$ cat data_29.tsv   # TSV, C-alpha atoms
chain	number	residue	atom	x	y	z
A	103	MET	CA	24.56	-153.07	2.09
A	104	LYS	CA	22.74	-149.81	2.84
A	105	ILE	CA	19.42	-148.84	1.26
A	106	LEU	CA	17.18	-145.80	0.97
A	107	ILE	CA	13.45	-146.48	0.41
A	108	SER	CA	11.27	-144.20	-1.71
A	109	GLY	CA	7.61	-144.78	-0.94
A	110	ALA	CA	8.66	-145.99	2.49
A	111	LEU	CA	5.21	-145.76	4.10
A	112	GLY	CA	3.32	-147.56	1.34
A	113	HIS	CA	2.50	-151.27	1.32
A	114	MET	CA	5.54	-152.18	-0.77
A	115	GLY	CA	7.85	-149.78	1.05
A	116	ARG	CA	6.93	-151.41	4.36
A	117	ALA	CA	7.42	-154.87	2.82
A	118	VAL	CA	10.92	-153.88	1.67
A	119	ALA	CA	11.71	-152.51	5.14
A	120	ALA	CA	10.52	-155.73	6.80
A	121	GLN	CA	12.60	-157.90	4.46
A	122	ALA	CA	15.64	-155.66	4.89
A	123	SER	CA	15.41	-155.81	8.68
A	124	ALA	CA	15.10	-159.60	8.58
A	125	GLN	CA	18.20	-159.83	6.38
A	126	GLY	CA	20.28	-157.37	8.42
A	127	VAL	CA	20.29	-154.73	5.66
A	128	ASP	CA	20.87	-151.18	6.93
A	129	ILE	CA	17.98	-148.82	6.08
A	130	VAL	CA	19.51	-145.35	6.25
A	131	ALA	CA	16.33	-143.39	5.49
A	132	GLY	CA	12.97	-143.31	3.76
A	133	VAL	CA	11.05	-140.78	1.65
A	134	ASP	CA	7.26	-140.51	1.56
A	135	ALA	CA	4.85	-137.60	1.24
A	136	ALA	CA	2.39	-139.44	3.49
A	137	THR	CA	2.63	-139.30	7.26
A	138	GLY	CA	3.28	-142.29	9.47
A	139	THR	CA	5.83	-143.99	11.68
A	140	CYS	CA	8.67	-146.34	10.89
A	141	ASP	CA	11.90	-147.57	12.48
A	142	PHE	CA	14.21	-145.28	10.48
A	143	PRO	CA	14.31	-141.57	9.59
A	144	CYS	CA	11.64	-140.71	7.01
A	145	TYR	CA	11.41	-137.44	5.07
A	146	ALA	CA	8.53	-135.84	3.20
A	147	SER	CA	10.55	-135.10	0.05
A	148	PHE	CA	13.92	-135.57	-1.58
A	149	ASP	CA	14.60	-131.86	-1.00
A	150	ALA	CA	14.54	-132.52	2.76
A	151	LEU	CA	16.63	-135.69	2.54
A	152	PRO	CA	20.28	-135.42	3.68
A	153	ASP	CA	23.18	-136.99	1.79
A	154	CYS	CA	22.85	-140.79	1.87
A	155	SER	CA	26.09	-141.63	0.07
A	156	GLY	CA	26.89	-145.32	-0.20
A	157	ALA	CA	23.24	-146.43	-0.24
A	158	VAL	CA	21.16	-147.98	-3.02
A	159	LEU	CA	17.83	-146.22	-3.60
A	160	ILE	CA	14.83	-148.57	-3.93
A	161	ASP	CA	11.66	-146.97	-5.30
A	162	PHE	CA	8.14	-148.30	-4.82
A	163	SER	CA	6.23	-145.02	-5.03
A	164	ARG	CA	4.33	-143.30	-7.85
A	165	PRO	CA	5.31	-142.11	-11.34
A	166	GLU	CA	5.10	-138.42	-10.36
A	167	ALA	CA	7.99	-138.95	-7.91
A	168	LEU	CA	10.40	-139.99	-10.67
A	169	SER	CA	12.06	-136.68	-11.57
A	170	PRO	CA	12.96	-135.52	-8.03
A	171	LEU	CA	14.07	-139.07	-7.22
A	172	LEU	CA	16.42	-139.24	-10.21
A	173	ASP	CA	17.73	-135.72	-9.56
A	174	TYR	CA	18.67	-136.72	-6.01
A	175	ALA	CA	20.25	-140.00	-7.16
A	176	VAL	CA	22.39	-138.30	-9.81
A	177	ARG	CA	23.41	-135.52	-7.42
A	178	ASN	CA	24.55	-138.06	-4.82
A	179	ARG	CA	25.76	-140.75	-7.25
A	180	LEU	CA	23.37	-143.41	-5.90
A	181	PRO	CA	22.43	-146.59	-7.79
A	182	VAL	CA	18.65	-146.80	-8.23
A	183	VAL	CA	16.20	-149.72	-8.28
A	184	LEU	CA	13.00	-148.53	-9.99
A	185	ALA	CA	10.06	-150.83	-9.24
A	186	THR	CA	7.24	-148.33	-9.75
A	187	THR	CA	4.87	-148.95	-12.69
A	188	GLY	CA	2.86	-146.60	-14.89
A	189	TYR	CA	5.71	-144.50	-16.34
A	190	SER	CA	4.97	-142.55	-19.50
A	191	PRO	CA	7.17	-142.96	-22.63
A	192	GLU	CA	8.77	-139.59	-21.76
A	193	GLN	CA	9.61	-140.83	-18.27
A	194	GLU	CA	11.17	-143.98	-19.69
A	195	GLN	CA	13.35	-141.74	-21.84
A	196	GLU	CA	14.31	-139.81	-18.71
A	197	VAL	CA	15.37	-143.10	-17.11
A	198	ASP	CA	17.49	-143.89	-20.17
A	199	ARG	CA	19.23	-140.51	-19.94
A	200	VAL	CA	19.99	-140.91	-16.23
A	201	ALA	CA	21.32	-144.45	-16.79
A	202	ARG	CA	24.23	-142.89	-18.66
A	203	GLN	CA	25.33	-141.34	-15.35
A	204	ILE	CA	24.39	-143.88	-12.66
A	205	PRO	CA	23.43	-147.58	-12.50
A	206	VAL	CA	19.65	-147.98	-12.89
A	207	PHE	CA	17.79	-151.25	-12.37
A	208	ARG	CA	14.37	-150.99	-14.04
A	209	SER	CA	11.70	-153.66	-13.90
A	210	ALA	CA	7.92	-153.55	-13.87
A	211	ASN	CA	7.98	-156.67	-11.71
A	212	MET	CA	10.62	-157.69	-9.17
A	213	SER	CA	9.68	-161.38	-9.06
A	214	VAL	CA	12.21	-163.91	-10.37
A	215	GLY	CA	9.21	-166.09	-11.27
A	216	VAL	CA	7.83	-163.37	-13.54
A	217	ALA	CA	11.24	-163.07	-15.21
A	218	LEU	CA	10.99	-166.80	-15.97
A	219	LEU	CA	7.40	-166.37	-17.22
A	220	LYS	CA	8.56	-163.64	-19.59
A	221	HIS	CA	11.24	-165.97	-20.99
A	222	LEU	CA	8.76	-168.85	-21.41
A	223	CYS	CA	6.23	-166.61	-23.17
A	224	ARG	CA	8.80	-165.38	-25.64
A	225	GLU	CA	9.91	-168.93	-26.42
A	226	ALA	CA	6.32	-170.14	-26.74
A	227	ALA	CA	5.53	-167.39	-29.25
A	228	LYS	CA	8.57	-168.37	-31.32
A	229	VAL	CA	7.68	-172.06	-31.36
A	230	LEU	CA	3.90	-171.75	-31.84
A	231	GLY	CA	4.14	-169.11	-34.53
A	232	GLU	CA	1.48	-167.24	-36.45
A	233	SER	CA	-1.30	-169.82	-36.16
A	234	PHE	CA	-1.85	-169.07	-32.46
A	235	ASP	CA	-3.75	-166.10	-31.04
A	236	VAL	CA	-2.36	-164.59	-27.83
A	237	GLU	CA	-4.31	-163.03	-24.96
A	238	ILE	CA	-2.92	-161.67	-21.67
A	239	MET	CA	-5.02	-161.40	-18.50
A	240	GLU	CA	-3.98	-159.75	-15.24
A	241	ALA	CA	-5.68	-159.26	-11.87
A	242	HIS	CA	-4.72	-156.94	-9.00
A	243	HIS	CA	-6.19	-155.45	-5.83
A	244	ASN	CA	-8.79	-152.69	-5.96
A	245	ARG	CA	-6.30	-149.93	-5.03
A	246	LYS	CA	-4.02	-150.32	-8.06
A	247	VAL	CA	-4.14	-147.13	-10.11
A	248	ASP	CA	-2.59	-148.15	-13.45
A	249	ALA	CA	-4.05	-150.56	-15.98
A	250	PRO	CA	-2.96	-152.69	-17.66
A	251	SER	CA	-0.28	-153.63	-15.16
A	252	GLY	CA	3.37	-152.98	-15.90
A	253	THR	CA	3.92	-156.74	-15.82
A	254	ALA	CA	1.24	-157.35	-18.47
A	255	LEU	CA	2.97	-154.80	-20.71
A	256	LEU	CA	6.32	-156.46	-19.94
A	257	LEU	CA	4.91	-159.79	-21.14
A	258	TYR	CA	3.35	-158.14	-24.19
A	259	ASP	CA	6.69	-156.64	-25.21
A	260	ALA	CA	8.42	-160.02	-24.86
A	261	ILE	CA	5.78	-161.79	-26.96
A	262	LYS	CA	5.36	-159.24	-29.76
A	263	ASP	CA	9.12	-159.16	-30.38
A	264	ALA	CA	8.99	-162.87	-31.23
A	265	TYR	CA	6.94	-162.20	-34.39
A	266	ALA	CA	8.21	-160.96	-37.73
A	267	GLU	CA	5.10	-158.83	-38.29
A	268	PRO	CA	3.96	-156.25	-35.70
A	269	ARG	CA	1.25	-157.30	-33.24
A	270	GLN	CA	-0.62	-154.42	-31.64
A	271	ALA	CA	-1.90	-154.34	-28.06
A	272	GLN	CA	-5.70	-154.46	-27.83
A	273	LEU	CA	-6.70	-153.17	-24.39
A	274	GLY	CA	-9.97	-154.95	-23.70
A	275	ARG	CA	-12.89	-155.24	-26.11
A	276	GLY	CA	-16.33	-153.70	-26.23
A	277	GLY	CA	-19.03	-152.76	-28.70
A	278	ARG	CA	-20.72	-154.50	-31.58
A	279	ASP	CA	-17.81	-154.59	-34.01
A	280	CYS	CA	-14.87	-156.06	-32.09
A	281	LYS	CA	-14.02	-159.24	-33.96
A	282	ARG	CA	-10.52	-160.32	-33.01
A	283	GLN	CA	-7.85	-159.27	-35.52
A	284	HIS	CA	-4.95	-161.59	-36.31
A	285	ASN	CA	-2.30	-158.92	-35.74
A	286	GLU	CA	-3.28	-158.11	-32.16
A	287	ILE	CA	-2.51	-159.30	-28.64
A	288	GLY	CA	-5.38	-158.79	-26.21
A	289	ILE	CA	-4.62	-157.41	-22.74
A	290	HIS	CA	-7.34	-157.53	-20.08
A	291	ALA	CA	-7.24	-156.06	-16.56
A	292	LEU	CA	-9.26	-157.21	-13.54
A	293	ARG	CA	-9.38	-155.19	-10.30
A	294	GLY	CA	-10.83	-156.26	-6.98
A	295	GLY	CA	-10.31	-157.25	-3.38
A	296	THR	CA	-6.80	-157.88	-2.11
A	297	VAL	CA	-5.25	-159.75	-5.07
A	298	THR	CA	-1.47	-159.34	-4.89
A	299	GLY	CA	-0.91	-160.06	-8.56
A	300	GLU	CA	-1.91	-162.70	-11.11
A	301	HIS	CA	-0.88	-162.96	-14.76
A	302	GLU	CA	-1.97	-165.49	-17.34
A	303	VAL	CA	-0.94	-165.72	-20.98
A	304	CYS	CA	-3.08	-167.89	-23.27
A	305	PHE	CA	-1.96	-169.14	-26.67
A	306	PHE	CA	-5.11	-170.17	-28.59
A	307	GLY	CA	-4.38	-172.46	-31.54
A	308	PRO	CA	-6.28	-174.81	-33.84
A	309	ALA	CA	-7.97	-177.29	-31.47
A	310	GLU	CA	-5.56	-176.66	-28.57
A	311	ARG	CA	-4.71	-174.03	-25.97
A	312	ILE	CA	-1.59	-173.39	-23.90
A	313	ARG	CA	-1.72	-171.35	-20.67
A	314	LEU	CA	1.28	-169.91	-18.83
A	315	CYS	CA	0.52	-168.43	-15.39
A	316	HIS	CA	2.14	-166.73	-12.41
A	317	SER	CA	0.49	-165.87	-9.09
A	318	ALA	CA	2.14	-163.75	-6.40
A	319	GLU	CA	0.77	-164.84	-3.04
A	320	ASP	CA	2.45	-162.16	-0.92
A	321	ARG	CA	4.19	-158.81	-1.47
A	322	SER	CA	7.32	-160.22	0.15
A	323	VAL	CA	8.25	-161.84	-3.20
A	324	PHE	CA	8.61	-158.37	-4.77
A	325	ALA	CA	10.44	-156.96	-1.73
A	326	SER	CA	12.90	-159.84	-1.80
A	327	GLY	CA	13.50	-159.31	-5.52
A	328	ALA	CA	14.09	-155.58	-4.99
A	329	LEU	CA	16.73	-156.30	-2.34
A	330	LYS	CA	18.42	-158.80	-4.68
A	331	ALA	CA	18.40	-156.12	-7.37
A	332	ALA	CA	19.95	-153.60	-4.96
A	333	ALA	CA	22.73	-156.04	-4.05
A	334	PHE	CA	23.30	-156.77	-7.76
A	335	LEU	CA	23.47	-153.04	-8.57
A	336	ALA	CA	25.76	-151.98	-5.72
A	337	ASP	CA	29.03	-152.42	-7.65
A	338	LYS	CA	27.80	-151.82	-11.21
A	339	THR	CA	28.91	-149.11	-13.62
A	340	PRO	CA	26.34	-146.67	-15.10
A	341	GLY	CA	23.80	-148.35	-17.35
A	342	ARG	CA	20.28	-149.73	-17.44
A	343	TYR	CA	19.85	-153.21	-15.94
A	344	THR	CA	16.88	-155.61	-15.86
A	345	MET	CA	15.67	-158.78	-14.15
A	346	GLU	CA	17.17	-160.76	-17.03
A	347	ASP	CA	20.60	-159.39	-16.10
A	348	LEU	CA	20.01	-160.42	-12.48
A	349	VAL	CA	18.78	-163.90	-13.35
A	350	THR	CA	21.65	-164.44	-15.79
A	351	SER	CA	24.23	-163.35	-13.21
A	352	ALA	CA	23.01	-166.08	-10.84
A	353	HIS	CA	24.15	-168.87	-13.20
$ encode --input "data_29.tsv" --output "structure tokens"
Amino acid sequence: MKILISGALGHMGRAVAAQASAQGVDIVAGVDAATGTCDFPCYASFDALPDCSGAVLIDFSRPEALSPLLDYAVRNRLPVVLATTGYSPEQEQEVDRVARQIPVFRSANMSVGVALLKHLCREAAKVLGESFDVEIMEAHHNRKVDAPSGTALLLYDAIKDAYAEPRQAQLGRGGRDCKRQHNEIGIHALRGGTVTGEHEVCFFGPAERIRLCHSAEDRSVFASGALKAAAFLADKTPGRYTMEDLVTSAH
């Protein structure tokens, strides 16, 4: 397998490169607006990047890089693994449009463990029903720019779809009139230090509480998942694929 890394000089880009080298995966090139050194050719923009036909593009960059990245992928018919978070609704629509032309793997979290957490949260919401209040808490390092995390929103989407009546996201609480409403799911973001990623979902019921948690202890878990996604995507037809598709294909 050959890969092209977008965001190659960032923390996650370097983690992907390290995992790829350890697995014998061929890194044909990288793209990053920052300056730095790496063991493969790295270009400042997709405009400067030569044809990398036959590779899978893995993106751990920033939302503003999406359009040029997708333009390049469509032009060169490359499958794309999108692991960047913080996309706007309009950007998600852009991803949907491009997925009609090339295979696109889109996930806010590349951990197989988080995919399992998402499944467990959805099932818990179905079983516990309307009598339980749901709150989501997430913690990340002090350099993370988007809040709440893409994973917290991923979990929120899975949980709210389990209810017949809509449950709105409540992003934090503050003020003197913030009594919890029944039709909401609280989402709370913590930022500090070097936390790789922690997510906890609490189901508060009458006289009992259920907590479902996931902690990422090292970025390598996300890099490994991205490489698994790239291998999964290599022979796929155009369409939008998720971690659930990857997990299902393993059984």
$ atom_distance --input "data_29.tsv" --atom1 "CA of Leu218 in chain A" --atom2 "CA of Ala117 in chain A"
22.5 Å
$ atom_distance --input "data_29.tsv" --atom1 "CA of Cys154 in chain A" --atom2 "CA of Arg342 in chain A"
21.4 Å
$ closest_residue --input "data_29.tsv" --among "A:Cys144, A:Leu171, A:Val182, A:Ala254" --to "Leu159 in chain A" --atoms "all atoms listed in the file"
A:Val182
$ residues_around --input "data_29.tsv" --residues "Val206 in chain A" --least-positions-apart "5" --cutoff "9 Å" --atoms "all atoms listed in the file" --output "MDAnalysis selection string"
chainID A and resid 181:184 197:198 200:201 335 340:344
$ write_last_selection --input "data_29.tsv" --atoms "C-alpha atoms" --output "PDB file, in the frame of the given file"
ATOM      1  CA  PRO A 181      22.430-146.590  -7.790  1.00  0.00           C
ATOM      2  CA  VAL A 182      18.650-146.800  -8.230  1.00  0.00           C
ATOM      3  CA  VAL A 183      16.200-149.720  -8.280  1.00  0.00           C
ATOM      4  CA  LEU A 184      13.000-148.530  -9.990  1.00  0.00           C
ATOM      5  CA  VAL A 197      15.370-143.100 -17.110  1.00  0.00           C
ATOM      6  CA  ASP A 198      17.490-143.890 -20.170  1.00  0.00           C
ATOM      7  CA  VAL A 200      19.990-140.910 -16.230  1.00  0.00           C
ATOM      8  CA  ALA A 201      21.320-144.450 -16.790  1.00  0.00           C
ATOM      9  CA  LEU A 335      23.470-153.040  -8.570  1.00  0.00           C
ATOM     10  CA  PRO A 340      26.340-146.670 -15.100  1.00  0.00           C
ATOM     11  CA  GLY A 341      23.800-148.350 -17.350  1.00  0.00           C
ATOM     12  CA  ARG A 342      20.280-149.730 -17.440  1.00  0.00           C
ATOM     13  CA  TYR A 343      19.850-153.210 -15.940  1.00  0.00           C
ATOM     14  CA  THR A 344      16.880-155.610 -15.860  1.00  0.00           C
TER      15      THR A 344
END
$ closest_residue --input "data_29.tsv" --among "A:Ala249, A:Ala227, A:Val323, A:Ala167" --to "Cys304 in chain A" --atoms "all atoms listed in the file"
A:Ala227
$ closest_residue --input "data_29.tsv" --among "A:Leu230, A:Ala217, A:Cys280, A:Leu314" --to "Ala260 in chain A" --atoms "only C-alpha atoms"
A:Ala217
$ closest_residue --input "data_29.tsv" --among "A:Ser322, A:Asn244, A:Thr186, A:Ser251" --to "Gly295 in chain A" --atoms "all atoms listed in the file"
A:Asn244
$ atom_distance --input "data_29.tsv" --atom1 "CA of Ser163 in chain A" --atom2 "CA of Gly288 in chain A"
27.8 Å
$ residues_near_point --input "data_29.tsv" --point "(10.4, -155.1, 2.8)" --cutoff "12 Å" --atoms "all atoms listed in the file" --output "JSON list (two decimals) with C-alpha atoms, keeping the file's coordinate frame"
[["chain", "number", "residue", "atom", "x", "y", "z"],
["A", 105, "ILE", "CA", 19.42, -148.84, 1.26],
["A", 106, "LEU", "CA", 17.18, -145.80, 0.97],
["A", 107, "ILE", "CA", 13.45, -146.48, 0.41],
["A", 108, "SER", "CA", 11.27, -144.20, -1.71],
["A", 109, "GLY", "CA", 7.61, -144.78, -0.94],
["A", 110, "ALA", "CA", 8.66, -145.99, 2.49],
["A", 111, "LEU", "CA", 5.21, -145.76, 4.10],
["A", 112, "GLY", "CA", 3.32, -147.56, 1.34],
["A", 113, "HIS", "CA", 2.50, -151.27, 1.32],
["A", 114, "MET", "CA", 5.54, -152.18, -0.77],
["A", 115, "GLY", "CA", 7.85, -149.78, 1.05],
["A", 116, "ARG", "CA", 6.93, -151.41, 4.36],
["A", 117, "ALA", "CA", 7.42, -154.87, 2.82],
["A", 118, "VAL", "CA", 10.92, -153.88, 1.67],
["A", 119, "ALA", "CA", 11.71, -152.51, 5.14],
["A", 120, "ALA", "CA", 10.52, -155.73, 6.80],
["A", 121, "GLN", "CA", 12.60, -157.90, 4.46],
["A", 122, "ALA", "CA", 15.64, -155.66, 4.89],
["A", 123, "SER", "CA", 15.41, -155.81, 8.68],
["A", 124, "ALA", "CA", 15.10, -159.60, 8.58],
["A", 125, "GLN", "CA", 18.20, -159.83, 6.38],
["A", 126, "GLY", "CA", 20.28, -157.37, 8.42],
["A", 127, "VAL", "CA", 20.29, -154.73, 5.66],
["A", 128, "ASP", "CA", 20.87, -151.18, 6.93],
["A", 129, "ILE", "CA", 17.98, -148.82, 6.08],
["A", 160, "ILE", "CA", 14.83, -148.57, -3.93],
["A", 161, "ASP", "CA", 11.66, -146.97, -5.30],
["A", 162, "PHE", "CA", 8.14, -148.30, -4.82],
["A", 320, "ASP", "CA", 2.45, -162.16, -0.92],
["A", 321, "ARG", "CA", 4.19, -158.81, -1.47],
["A", 322, "SER", "CA", 7.32, -160.22, 0.15],
["A", 323, "VAL", "CA", 8.25, -161.84, -3.20],
["A", 324, "PHE", "CA", 8.61, -158.37, -4.77],
["A", 325, "ALA", "CA", 10.44, -156.96, -1.73],
["A", 326, "SER", "CA", 12.90, -159.84, -1.80],
["A", 327, "GLY", "CA", 13.50, -159.31, -5.52],
["A", 328, "ALA", "CA", 14.09, -155.58, -4.99],
["A", 329, "LEU", "CA", 16.73, -156.30, -2.34],
["A", 330, "LYS", "CA", 18.42, -158.80, -4.68]]
$ closest_residue --input "data_29.tsv" --among "A:Glu346, A:Glu194, A:Glu300, A:Asp153" --to "Leu168 in chain A" --atoms "all atoms listed in the file"
A:Glu194
$ residues_near_point --input "data_29.tsv" --point "(20.2, -168.5, -10.6)" --cutoff "12 Å" --atoms "all atoms listed in the file" --output "PDB file with C-alpha atoms, keeping the file's coordinate frame"
ATOM      1  CA  VAL A 214      12.210-163.910 -10.370  1.00  0.00           C
ATOM      2  CA  GLY A 215       9.210-166.090 -11.270  1.00  0.00           C
ATOM      3  CA  ALA A 217      11.240-163.070 -15.210  1.00  0.00           C
ATOM      4  CA  LEU A 218      10.990-166.800 -15.970  1.00  0.00           C
ATOM      5  CA  LYS A 330      18.420-158.800  -4.680  1.00  0.00           C
ATOM      6  CA  MET A 345      15.670-158.780 -14.150  1.00  0.00           C
ATOM      7  CA  GLU A 346      17.170-160.760 -17.030  1.00  0.00           C
ATOM      8  CA  ASP A 347      20.600-159.390 -16.100  1.00  0.00           C
ATOM      9  CA  LEU A 348      20.010-160.420 -12.480  1.00  0.00           C
ATOM     10  CA  VAL A 349      18.780-163.900 -13.350  1.00  0.00           C
ATOM     11  CA  THR A 350      21.650-164.440 -15.790  1.00  0.00           C
ATOM     12  CA  SER A 351      24.230-163.350 -13.210  1.00  0.00           C
ATOM     13  CA  ALA A 352      23.010-166.080 -10.840  1.00  0.00           C
ATOM     14  CA  HIS A 353      24.150-168.870 -13.200  1.00  0.00           C
TER      15      HIS A 353
END
$ decode --input "data_29.tsv" --residues "range 124-140 of chain A" --atoms "N, CA and C atoms" --output "compact mmCIF listing (two decimals), in the first residue's frame"
# COMPACT_ATOMS: atom_id res chain seq x y z
N ALA A 124 7.00 1.56 10.34
CA ALA A 124 7.11 0.32 11.11
C ALA A 124 6.40 -0.84 10.43
N GLN A 125 5.34 -0.53 9.68
CA GLN A 125 4.57 -1.58 9.00
C GLN A 125 5.02 -1.84 7.57
N GLY A 126 6.02 -1.10 7.11
CA GLY A 126 6.51 -1.28 5.74
C GLY A 126 5.62 -0.65 4.69
N VAL A 127 4.79 0.33 5.09
CA VAL A 127 3.92 1.04 4.15
C VAL A 127 4.74 2.12 3.45
N ASP A 128 4.56 2.26 2.16
CA ASP A 128 5.32 3.22 1.35
C ASP A 128 4.68 4.61 1.45
N ILE A 129 5.41 5.58 2.01
CA ILE A 129 4.94 6.96 2.07
C ILE A 129 5.50 7.69 0.85
N VAL A 130 4.64 8.02 -0.10
CA VAL A 130 5.14 8.60 -1.35
C VAL A 130 5.41 10.09 -1.21
N ALA A 131 4.66 10.78 -0.33
CA ALA A 131 4.86 12.22 -0.16
C ALA A 131 4.03 12.72 1.01
N GLY A 132 4.30 13.96 1.40
CA GLY A 132 3.52 14.63 2.42
C GLY A 132 3.18 16.04 1.98
N VAL A 133 2.17 16.63 2.61
CA VAL A 133 1.79 18.02 2.35
C VAL A 133 1.64 18.72 3.69
N ASP A 134 2.29 19.88 3.84
CA ASP A 134 2.14 20.66 5.07
C ASP A 134 2.64 22.07 4.82
N ALA A 135 1.86 23.06 5.22
CA ALA A 135 2.26 24.45 5.03
C ALA A 135 3.40 24.84 5.97
N ALA A 136 3.56 24.09 7.05
CA ALA A 136 4.66 24.36 7.99
C ALA A 136 5.98 23.89 7.38
N THR A 137 7.06 24.31 7.99
CA THR A 137 8.38 23.88 7.54
C THR A 137 8.95 22.88 8.53
N GLY A 138 9.72 21.95 8.02
CA GLY A 138 10.32 20.93 8.87
C GLY A 138 10.93 19.85 8.02
N THR A 139 11.48 18.84 8.65
CA THR A 139 12.13 17.75 7.92
C THR A 139 11.40 16.44 8.18
N CYS A 140 11.43 15.58 7.19
CA CYS A 140 10.89 14.24 7.33
C CYS A 140 11.62 13.32 6.34
